[in-house]
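The structure appears right after this line, and notes come after that.
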Amino acid sequence: MLNSISNLLKNDFPKASESKEHIKEVYKSDPRPWVVGYSGGKDSTVVIQLVFDALSELPPEELHKKVYVISSDTLVETPLIIQSINTTLRRIQTKALEMGLPIETHKVKPAPDQSFWAKIIGKGYPSPNQKFRWCTDRLKIDPANQFILDKVSKFGEVIMVLGVRDNESATRANVMKSHSVEGKTLMKHSTLSNAYVYAPIRSFETNDVWDYLLSVPSPWGDDNHALNKLYQDSSSGECPLVVDKSVKESAGSCGNSRFGCWVCTVVNEDKALNGFIESGEDWMRPLLEFRNWLAGIRDDRDRRMKYRMNGQMYFNEVRIEAIEDKEYVIIPKKGSRRKELINLEEYTIVEKSNLKQYIKENNIDLGASGDLKLLVRNEEDKLEQLGLGPFTLETRQEILEKLLITQRDLKHPDDPNFELIREDELRVIRRFWLEAGEFEDNLPEIFKNVMGYELDWEFDDRPLFDNEQISDLELLAQEKNIDFKLLKKLILTEKKYSGYKVRRGLMNELDKALTQDYLHL
């Protein structure tokens, strides 16, 4: 601590000075371009500042290769943080151009059909949790890796420059050690061939990072003291730019970080949004309320289909407990769902061998909303529940409506047109719904009812049938004892391939539709 204070007084930072000189050496050593990851946090900020300062000290003739600064925009970033990141990227680019430095800034985003809302509202993915954290790959890793691969295809090899440190966590240190070669500066990227990783602040302690940032001015004019203020609340942490699936788990969730996604459901309590609200940003309260509602409905059986997206069914054994001469089904606590005890008498118990007949006789739609209160007795005389699949279409429509209401009523102090969901995402969601058999085409009407105006929807996305035709088709399916969802799936698959001379893949998709588990219990 005393050394740290002494260094501050003398404006002397041995680790930072050593790192900056090393950056110069590594930069000059080969023609491979650099890709520097920037998340808006302290570690990535100190790396970019050191790289910027190092390059500015080199003579122009030695600035022989590009340095790309990339930041991940998941499209659900905490509003104030993405605003800050946008400002910083713009300032870095402006200052680099002014100084003649070969630095380019870029934001990487998921494709519209891979976005958070496309997956949840469009496809019905349950919101992420610790066991099913599907968001990191799709929203952060894949877009960043695509940028890197583009540069690899152009230059042959690239070097990723990241703000990772050994003392962040034992897991992170072990991962870095496993990819290191003794005597070599660069680490091999675990999943991307021809990509290498350089960690110039690997030996830094947290104090080294803050000592440098709070004493050496940002070359592009940012206020590092404002960054430090974001970390004053103990709930604030780092949310790194993740570009390597092997460090995904060690990176953890960003739900407890000021630099994570505002809608993160991986953690039970979103300390990030709470921290901003407690700091006076009360306009963000509707975001927290929506996030809490979304987390709360994740494991609600009423809102989930009873088979997976591919039609596969599975069963979960339930625990029965006798309390005061009555038997109860134990529903364990999961995420925001509380532990429940439900009287066994409330359930219908069906032998697994009779399940198909029971569903048919009672005209049960396993893809519709509602808890069947149904238990299945298996061959070992144990009771099981139908496993849960995606959100039902009704629930997805409800999520969209609530999200649009939140967007419409949000009072962003600096951006009156701030969007929580973009138009290209809405178009993708509409297409997903139509492909899933939502012939009614409700999305344009939901949007108009909430927002008060219409978007210019594409003609090709319009539904195949009007409401009267859909009703006739459903009655015909009932008369012929054909599953209506299957019929819609087959019609849409045929439409998808219509007009092609070679309809490669058509038979495979028809076969997958016809062999879904729930059709052949």
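Residues are referred to by chain and number: the chain letter is A, B, ... according to the order shown in the structure tokens, the number counts from 1 in that chain, and ligands are numbered separately from 1 in the order shown.
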Practice prompt. Might you pull out every residue within 9 Å of Ile85 of chain A, with only C-alpha atoms counted and same-chain residues fewer than 3 positions away left off, and present them as a PyMOL selection string?
Written response: chain A and resi 38-40+71+80-82+88-90
Practice prompt. Using DSSP on the backbone coordinates, identify all residues within segment 14-61 of chain A classified as strand (DSSP E); present the result as an NGL selection string.
Written response: :A and (34-37)
Which segment 261-347 of chain A residues have any atom within 10 Å of an atom of segment 387-396 of chain A, and for each, what is the nearest pair of atoms with distance in Å to one decimal, counting only C-alpha atoms, rows sorted by chain and number, as CSV?
```
residue,atom,partner,partner_atom,distance
A:Ile297,CA,A:Thr395,CA,9.3
A:Arg298,CA,A:Phe391,CA,8.2
A:Asp299,CA,A:Leu388,CA,8.4
A:Asp300,CA,A:Leu388,CA,9.4
A:Arg301,CA,A:Leu388,CA,7.2
A:Asp302,CA,A:Thr392,CA,8.7
A:Arg303,CA,A:Thr392,CA,5.7
A:Arg304,CA,A:Phe391,CA,4.4
A:Met305,CA,A:Gly389,CA,4.9
A:Lys306,CA,A:Leu388,CA,4.8
A:Tyr307,CA,A:Gly389,CA,4.8
A:Arg308,CA,A:Gly389,CA,4.3
A:Met309,CA,A:Pro390,CA,6.6
A:Asn310,CA,A:Gly389,CA,9.5
A:Gly311,CA,A:Gly389,CA,8.9
A:Gln312,CA,A:Gly389,CA,8.9
A:Met313,CA,A:Gly387,CA,6.8
A:Tyr314,CA,A:Gly387,CA,5.2
A:Phe315,CA,A:Gly387,CA,4.9
A:Asn316,CA,A:Gly387,CA,5.9
A:Glu317,CA,A:Gly387,CA,9.4
```
Fill in: Residue nearest Glu419 of chain A among A:Ile482, A:Val67, A:Ile201, A:Val76 (counting only C-alpha atoms)
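Checking each of A:Ile482, A:Val67, A:Ile201, A:Val76 against Glu419 of chain A, counting only C-alpha atoms, the winner is A:Val76.
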Worksheet item: Of the candidates A:Tyr347, A:Trp293, A:Phe432, A:Phe13, which one gets nearest to Ser127 of chain A if we count only C-alpha atoms?
Response: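 Counting only C-alpha atoms, the residue closest to Ser127 of chain A is A:Trp293.
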Fill in: Nearest candidate to Leu344 of chain A (options A:Leu383, A:Val26, A:Met187, A:Leu510; using only C-alpha atoms)
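Nearest candidate to Leu344 of chain A out of A:Leu383, A:Val26, A:Met187, A:Leu510: A:Leu383.
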Practice prompt. Identify all residues of segment 255-286 of chain A in helix (DSSP H, G or I) (DSSP on the backbone) and supply them as a list of chain:residue names.
Written response: A:Lys271, A:Ala272, A:Leu273, A:Asn274, A:Gly275, A:Phe276, A:Ile277, A:Glu278, A:Asp282, A:Trp283, A:Met284, A:Arg285, A:Pro286
Using the selection just defined, write its residues with N, CA, C and O atoms as a PDB file, in the first residue's frame.
```pdb
ATOM      1  N   LYS A 271     -28.015  -6.867  -9.506  1.00  0.00           N
ATOM      2  CA  LYS A 271     -27.416  -5.801  -8.713  1.00  0.00           C
ATOM      3  C   LYS A 271     -26.963  -4.630  -9.582  1.00  0.00           C
ATOM      4  O   LYS A 271     -26.793  -3.516  -9.090  1.00  0.00           O
ATOM      5  N   ALA A 272     -26.765  -4.910 -10.875  1.00  0.00           N
ATOM      6  CA  ALA A 272     -26.326  -3.847 -11.781  1.00  0.00           C
ATOM      7  C   ALA A 272     -27.386  -2.759 -11.893  1.00  0.00           C
ATOM      8  O   ALA A 272     -27.126  -1.585 -11.601  1.00  0.00           O
ATOM      9  N   LEU A 273     -28.600  -3.137 -12.299  1.00  0.00           N
ATOM     10  CA  LEU A 273     -29.669  -2.146 -12.427  1.00  0.00           C
ATOM     11  C   LEU A 273     -30.026  -1.547 -11.077  1.00  0.00           C
ATOM     12  O   LEU A 273     -30.270  -0.342 -10.974  1.00  0.00           O
ATOM     13  N   ASN A 274     -30.060  -2.374 -10.039  1.00  0.00           N
ATOM     14  CA  ASN A 274     -30.346  -1.858  -8.693  1.00  0.00           C
ATOM     15  C   ASN A 274     -29.348  -0.780  -8.305  1.00  0.00           C
ATOM     16  O   ASN A 274     -29.707   0.248  -7.729  1.00  0.00           O
ATOM     17  N   GLY A 275     -28.067  -1.030  -8.640  1.00  0.00           N
ATOM     18  CA  GLY A 275     -27.032  -0.056  -8.300  1.00  0.00           C
ATOM     19  C   GLY A 275     -27.240   1.270  -8.992  1.00  0.00           C
ATOM     20  O   GLY A 275     -27.099   2.334  -8.380  1.00  0.00           O
ATOM     21  N   PHE A 276     -27.584   1.242 -10.275  1.00  0.00           N
ATOM     22  CA  PHE A 276     -27.838   2.482 -10.998  1.00  0.00           C
ATOM     23  C   PHE A 276     -29.047   3.224 -10.427  1.00  0.00           C
ATOM     24  O   PHE A 276     -29.023   4.452 -10.272  1.00  0.00           O
ATOM     25  N   ILE A 277     -30.104   2.484 -10.131  1.00  0.00           N
ATOM     26  CA  ILE A 277     -31.317   3.118  -9.593  1.00  0.00           C
ATOM     27  C   ILE A 277     -31.031   3.767  -8.252  1.00  0.00           C
ATOM     28  O   ILE A 277     -31.452   4.897  -7.981  1.00  0.00           O
ATOM     29  N   GLU A 278     -30.274   3.044  -7.397  1.00  0.00           N
ATOM     30  CA  GLU A 278     -29.929   3.593  -6.085  1.00  0.00           C
ATOM     31  C   GLU A 278     -29.014   4.801  -6.206  1.00  0.00           C
ATOM     32  O   GLU A 278     -28.942   5.630  -5.299  1.00  0.00           O
ATOM     33  N   ASP A 282     -33.360   6.763 -11.629  1.00  0.00           N
ATOM     34  CA  ASP A 282     -34.658   6.134 -11.375  1.00  0.00           C
ATOM     35  C   ASP A 282     -35.412   5.821 -12.666  1.00  0.00           C
ATOM     36  O   ASP A 282     -36.320   4.977 -12.663  1.00  0.00           O
ATOM     37  N   TRP A 283     -35.054   6.466 -13.757  1.00  0.00           N
ATOM     38  CA  TRP A 283     -35.734   6.222 -15.033  1.00  0.00           C
ATOM     39  C   TRP A 283     -35.516   4.781 -15.515  1.00  0.00           C
ATOM     40  O   TRP A 283     -36.261   4.289 -16.374  1.00  0.00           O
ATOM     41  N   MET A 284     -34.514   4.074 -14.928  1.00  0.00           N
ATOM     42  CA  MET A 284     -34.228   2.700 -15.324  1.00  0.00           C
ATOM     43  C   MET A 284     -35.074   1.679 -14.556  1.00  0.00           C
ATOM     44  O   MET A 284     -34.985   0.474 -14.831  1.00  0.00           O
ATOM     45  N   ARG A 285     -35.906   2.146 -13.633  1.00  0.00           N
ATOM     46  CA  ARG A 285     -36.711   1.223 -12.824  1.00  0.00           C
ATOM     47  C   ARG A 285     -37.615   0.326 -13.687  1.00  0.00           C
ATOM     48  O   ARG A 285     -37.751  -0.867 -13.394  1.00  0.00           O
ATOM     49  N   PRO A 286     -38.267   0.844 -14.747  1.00  0.00           N
ATOM     50  CA  PRO A 286     -39.080  -0.049 -15.589  1.00  0.00           C
ATOM     51  C   PRO A 286     -38.287  -1.203 -16.200  1.00  0.00           C
ATOM     52  O   PRO A 286     -38.830  -2.283 -16.417  1.00  0.00           O
TER      53      PRO A 286
END
```
Discussion item. If we count only C-alpha atoms and set the cut-off at 7 Å, which residues sit around Val329 of chain A, ignoring sequence neighbours fewer than 5 positions away in its own chain? Please answer as number ranges by chain.
Written reply: A: 318-321, 341-344
Please produce a file of the residues just selected, as a tab-separated table (two decimals), in the first residue's frame, where the atoms kept are all heavy atoms.
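Result file again.tsv:
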```
chain	number	residue	atom	x	y	z
A	318	VAL	N	-40.47	-36.94	-10.16
A	318	VAL	CA	-40.89	-36.02	-9.10
A	318	VAL	C	-40.75	-36.70	-7.75
A	318	VAL	O	-40.82	-37.93	-7.64
A	318	VAL	CB	-42.35	-35.54	-9.30
A	318	VAL	CG1	-42.48	-34.75	-10.58
A	318	VAL	CG2	-43.32	-36.70	-9.28
A	319	ARG	N	-40.54	-35.89	-6.74
A	319	ARG	CA	-40.40	-36.40	-5.38
A	319	ARG	C	-41.73	-36.26	-4.65
A	319	ARG	O	-42.36	-35.20	-4.69
A	319	ARG	CB	-39.30	-35.63	-4.65
A	319	ARG	CG	-38.95	-36.22	-3.27
A	319	ARG	CD	-37.58	-35.72	-2.82
A	319	ARG	NE	-37.56	-34.28	-2.59
A	319	ARG	CZ	-37.83	-33.71	-1.41
A	319	ARG	NH1	-38.17	-34.46	-0.37
A	319	ARG	NH2	-37.78	-32.40	-1.28
A	320	ILE	N	-42.15	-37.32	-4.01
A	320	ILE	CA	-43.39	-37.33	-3.25
A	320	ILE	C	-43.05	-37.38	-1.76
A	320	ILE	O	-42.18	-38.16	-1.35
A	320	ILE	CB	-44.28	-38.54	-3.61
A	320	ILE	CG1	-44.48	-38.64	-5.13
A	320	ILE	CG2	-45.62	-38.46	-2.88
A	320	ILE	CD1	-45.23	-37.49	-5.74
A	321	GLU	N	-43.70	-36.55	-0.99
A	321	GLU	CA	-43.42	-36.50	0.45
A	321	GLU	C	-44.73	-36.56	1.23
A	321	GLU	O	-45.69	-35.86	0.88
A	321	GLU	CB	-42.65	-35.21	0.78
A	321	GLU	CG	-42.14	-35.15	2.20
A	321	GLU	CD	-41.26	-33.92	2.42
A	321	GLU	OE1	-40.33	-33.68	1.60
A	321	GLU	OE2	-41.52	-33.18	3.40
A	341	LEU	N	-45.32	-27.19	-2.36
A	341	LEU	CA	-45.87	-28.50	-2.03
A	341	LEU	C	-47.29	-28.54	-2.57
A	341	LEU	O	-48.14	-27.75	-2.16
A	341	LEU	CB	-45.89	-28.73	-0.51
A	341	LEU	CG	-44.57	-29.16	0.16
A	341	LEU	CD1	-43.60	-27.99	0.24
A	341	LEU	CD2	-44.85	-29.71	1.55
A	342	ILE	N	-47.55	-29.45	-3.51
A	342	ILE	CA	-48.87	-29.54	-4.14
A	342	ILE	C	-49.47	-30.90	-3.81
A	342	ILE	O	-48.82	-31.94	-3.99
A	342	ILE	CB	-48.77	-29.34	-5.66
A	342	ILE	CG1	-48.13	-27.98	-5.98
A	342	ILE	CG2	-50.16	-29.44	-6.31
A	342	ILE	CD1	-47.93	-27.71	-7.45
A	343	ASN	N	-50.69	-30.88	-3.31
A	343	ASN	CA	-51.37	-32.11	-2.94
A	343	ASN	C	-51.42	-33.07	-4.13
A	343	ASN	O	-51.85	-32.69	-5.23
A	343	ASN	CB	-52.80	-31.78	-2.47
A	343	ASN	CG	-53.44	-32.93	-1.74
A	343	ASN	OD1	-53.23	-34.09	-2.08
A	343	ASN	ND2	-54.23	-32.62	-0.71
A	344	LEU	N	-50.99	-34.30	-3.90
A	344	LEU	CA	-50.97	-35.30	-4.96
A	344	LEU	C	-52.35	-35.52	-5.57
A	344	LEU	O	-52.47	-35.86	-6.75
A	344	LEU	CB	-50.41	-36.62	-4.40
A	344	LEU	CG	-50.22	-37.77	-5.40
A	344	LEU	CD1	-49.26	-37.37	-6.52
A	344	LEU	CD2	-49.73	-39.02	-4.69
```
Worksheet entry | Who sits within 8 Å of segment 402-408 of chain A, only C-alpha atoms, same chain under 2 positions skipped, as an MDAnalysis selection string | chainID A and resid 286:287 290 398:400 410 418:421 447 450:451
Kindly save the residues from that selection, with N, CA and C atoms included, as a CSV table (one decimal), in the first residue's frame.
```csv
chain,number,residue,atom,x,y,z
A,286,PRO,N,-38.3,0.8,-14.7
A,286,PRO,CA,-39.1,0.0,-15.6
A,286,PRO,C,-38.3,-1.2,-16.2
A,287,LEU,N,-37.0,-1.0,-16.5
A,287,LEU,CA,-36.2,-2.0,-17.0
A,287,LEU,C,-36.0,-3.1,-16.0
A,290,PHE,N,-39.2,-5.1,-15.6
A,290,PHE,CA,-39.4,-6.1,-16.7
A,290,PHE,C,-38.5,-7.2,-16.6
A,398,GLU,N,-46.9,-12.3,-25.2
A,398,GLU,CA,-47.1,-11.5,-24.0
A,398,GLU,C,-45.7,-10.8,-23.7
A,399,ILE,N,-44.6,-11.5,-23.8
A,399,ILE,CA,-43.3,-10.9,-23.6
A,399,ILE,C,-43.1,-9.7,-24.5
A,400,LEU,N,-43.4,-9.9,-25.8
A,400,LEU,CA,-43.2,-8.8,-26.8
A,400,LEU,C,-44.1,-7.6,-26.4
A,410,LEU,N,-40.5,4.3,-21.6
A,410,LEU,CA,-39.2,4.6,-20.9
A,410,LEU,C,-38.8,6.0,-21.2
A,418,PHE,N,-34.8,6.0,-27.7
A,418,PHE,CA,-34.1,4.8,-27.3
A,418,PHE,C,-34.9,3.5,-27.5
A,419,GLU,N,-34.3,2.5,-28.2
A,419,GLU,CA,-35.0,1.3,-28.5
A,419,GLU,C,-34.5,0.1,-27.6
A,420,LEU,N,-35.5,-0.7,-27.1
A,420,LEU,CA,-35.1,-1.9,-26.4
A,420,LEU,C,-35.1,-3.1,-27.4
A,421,ILE,N,-35.9,-3.0,-28.4
A,421,ILE,CA,-35.9,-4.0,-29.5
A,421,ILE,C,-35.9,-3.3,-30.8
A,447,PHE,N,-47.7,-4.8,-32.4
A,447,PHE,CA,-46.9,-3.6,-32.5
A,447,PHE,C,-47.7,-2.3,-32.6
A,450,VAL,N,-49.6,-1.3,-29.3
A,450,VAL,CA,-48.8,-0.7,-28.3
A,450,VAL,C,-48.1,0.6,-28.7
A,451,MET,N,-47.6,0.6,-29.9
A,451,MET,CA,-46.8,1.8,-30.3
A,451,MET,C,-47.6,2.9,-31.0
```
Worksheet entry | Spatial neighbours of Val266 of chain A, 6 Å, only C-alpha atoms, chain gap at least 5 places, as a PyMOL selection string | chain A and resi 128-130
Discussion item. Quick check, in Å to one decimal: how far apart do atom CA of Asn167 of chain A and atom CA of Ser44 of chain A lie?
Written reply: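 Here the two named atoms are 15.0 Å from each other.
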Worksheet item: Skipping near chain neighbours, those fewer than 2 positions away, what residues fall within 9 Å of Pro102 of chain A using only C-alpha atoms, listed as a PyMOL selection string?
Response: chain A and resi 55+63-68+96-97+100+104
Practice prompt. Write out as an NGL selection string which residues come within 7 Å of Leu374 of chain A when counting only C-alpha atoms, dropping same-chain ones fewer than 3 positions away.
Written response: :A and (347-349 or 385)
Item to complete: Could you tell me which of A:Val376, A:Cys135, A:Leu476, A:Val46 comes closest to Trp210 of chain A if we count only C-alpha atoms?
Response: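 Of A:Val376, A:Cys135, A:Leu476, A:Val46, the one nearest Trp210 of chain A is A:Val46, counting only C-alpha atoms.
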Worksheet item: A:Lys339, A:Arg422, A:Lys356, A:Lys20: which is nearest Phe116 of chain A, counting only C-alpha atoms?
Response: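 Of A:Lys339, A:Arg422, A:Lys356, A:Lys20, the one nearest Phe116 of chain A is A:Arg422, counting only C-alpha atoms.
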Worksheet item: Nearest to Tyr231 of chain A: which of A:Gly41, A:Lys131, A:Trp34, A:Leu490 is it, counting only C-alpha atoms?
Response: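 Under the stated criterion, the closest residue is A:Gly41.
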Practice prompt. Can you work out the spacing between atom CA of Ser279 of chain A and atom CA of Arg91 of chain A in Å, to one decimal?
Written response: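 Between these atoms lies a distance of 26.0 Å.
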Contact check, segment 473-521 of chain A to segment 364-373 of chain A, at most 10 Å, counting only C-alpha atoms, closest pairs as JSON lines:
```
{"residue": "A:Asp483", "atom": "CA", "partner": "A:Asp365", "partner_atom": "CA", "distance": 9.3}
{"residue": "A:Phe484", "atom": "CA", "partner": "A:Asp365", "partner_atom": "CA", "distance": 9.8}
{"residue": "A:Lys485", "atom": "CA", "partner": "A:Gly367", "partner_atom": "CA", "distance": 8.8}
{"residue": "A:Tyr518", "atom": "CA", "partner": "A:Leu366", "partner_atom": "CA", "distance": 7.9}
```
Practice prompt. To one decimal in Å, tell me the separation between atom CA of Ala513 of chain A and atom CA of Leu475 of chain A.
Written response: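 So the two atoms, atom CA of Ala513 of chain A and atom CA of Leu475 of chain A, lie 20.8 Å apart.
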